[in-house]
Amino acid sequence: MKKILYFVAAIAATTLITTTGTSCKFAPEQQDGDTVAASEFYPEDTSSAHAKKMAKKTAEQAAIVDSTDIFYIGSGSTKDIIQLVSYPSRRDTFIYSKTLHIKVKGNADINHVVRVDYYLLNGKDSLVKYVEEVKLDAKK
């Protein structure tokens with residue numbers, strides 16, 4: 001029983017010697033207090049930067065003036081209806097029915113730029129009666 005008591009005392013003494021002599025010797029010295037800036041703890045506020053970016057983007061979009069008679073052919077076009085997407089901003093979409101015999105000059109496939117002519121039906125409704133492809137000059 002004495003041997004167990006000596007053994008436990010030896011382990012306790014060894015632990016006490018090793019922890020008190022080396023535990024905090026190499027640790028950096030810290031001065032606790034209210035000396036650290038709040039920016040170290042909180043992420044930076046990006047909401048104002050995001051708001052400025054969105055305001056700039058909407059201002060650029062507002063500067064784009066859409067053409068009144070030139071459109072893109074939209075992907076929602078079928079043999080009975082034609083989807084016209086505003087040119088050049090692609091913000092607005094119009095869906096019109098086609099007349100029975102629609103005249104097409106050039107290529108009127110999806111995503112081509114076209115000029116359209118309307119037929120007024122009953123003074124209220126409009127039908128597309130003529131589609132002409134517009135050749136845009138690419139600036140080089």
# chains A, B, ... in the order shown; residues from 1 in each chain; ligands from 1
$ select_by_dssp --residues "chain A" --states "alpha helix (DSSP H)" --output "PyMOL selection string"
chain A and resi 2-22+47-63
$ write_last_selection --atoms "C-alpha atoms" --output "compact mmCIF listing (two decimals), in the first residue's frame"
# COMPACT_ATOMS: atom_id res chain seq x y z
CA LYS A 2 2.94 2.27 0.71
CA LYS A 3 4.28 1.65 -2.78
CA ILE A 4 1.03 2.87 -4.35
CA LEU A 5 1.10 5.99 -2.18
CA TYR A 6 4.70 6.74 -3.20
CA PHE A 7 3.87 6.12 -6.84
CA VAL A 8 0.89 8.54 -6.78
CA ALA A 9 2.98 11.14 -4.93
CA ALA A 10 5.79 10.79 -7.50
CA ILE A 11 3.37 11.27 -10.42
CA ALA A 12 1.80 14.30 -8.72
CA ALA A 13 5.22 15.85 -8.08
CA THR A 14 6.34 15.23 -11.68
CA THR A 15 3.17 16.80 -13.05
CA LEU A 16 3.53 19.81 -10.76
CA ILE A 17 7.16 20.36 -11.75
CA THR A 18 6.58 20.06 -15.51
CA THR A 19 3.45 22.22 -15.66
CA THR A 20 4.65 25.10 -13.51
CA GLY A 21 8.01 25.40 -15.18
CA THR A 22 7.03 25.19 -18.86
CA SER A 47 -24.32 46.58 -47.59
CA SER A 48 -23.36 50.14 -48.52
CA ALA A 49 -20.96 48.93 -51.20
CA HIS A 50 -23.66 46.62 -52.57
CA ALA A 51 -26.21 49.45 -52.58
CA LYS A 52 -23.80 51.69 -54.51
CA LYS A 53 -23.14 48.91 -57.02
CA MET A 54 -26.86 48.29 -57.56
CA ALA A 55 -27.56 52.03 -57.92
CA LYS A 56 -24.86 52.29 -60.56
CA LYS A 57 -26.25 49.26 -62.39
CA THR A 58 -29.80 50.63 -62.43
CA ALA A 59 -28.52 54.01 -63.60
CA GLU A 60 -26.75 52.32 -66.50
CA GLN A 61 -29.91 50.38 -67.37
CA ALA A 62 -32.01 53.53 -67.19
CA ALA A 63 -29.66 55.16 -69.70
$ residues_around --residues "segment 123-125 of chain A" --least-positions-apart "3" --cutoff "10 Å" --atoms "only C-alpha atoms" --output "PyMOL selection string"
chain A and resi 96-97+118-120
$ atom_distance --atom1 "atom CA of Asp80 of chain A" --atom2 "atom CA of Asp66 of chain A"
25.7 Å
$ select_by_dssp --residues "segment 59-105 of chain A" --states "strand (DSSP E or B)" --output "ChimeraX atom specification"
/A:70-73,81-86,93-105
$ atom_distance --atom1 "atom CA of Val65 of chain A" --atom2 "atom CA of Val131 of chain A"
21.9 Å
$ atom_distance --atom1 "atom CA of Ile73 of chain A" --atom2 "atom CA of Val114 of chain A"
7.1 Å
$ closest_residue --among "A:Ala108, A:Ile64, A:Ile102, A:Leu136" --to "Ser89 of chain A" --atoms "only C-alpha atoms"
A:Ile64
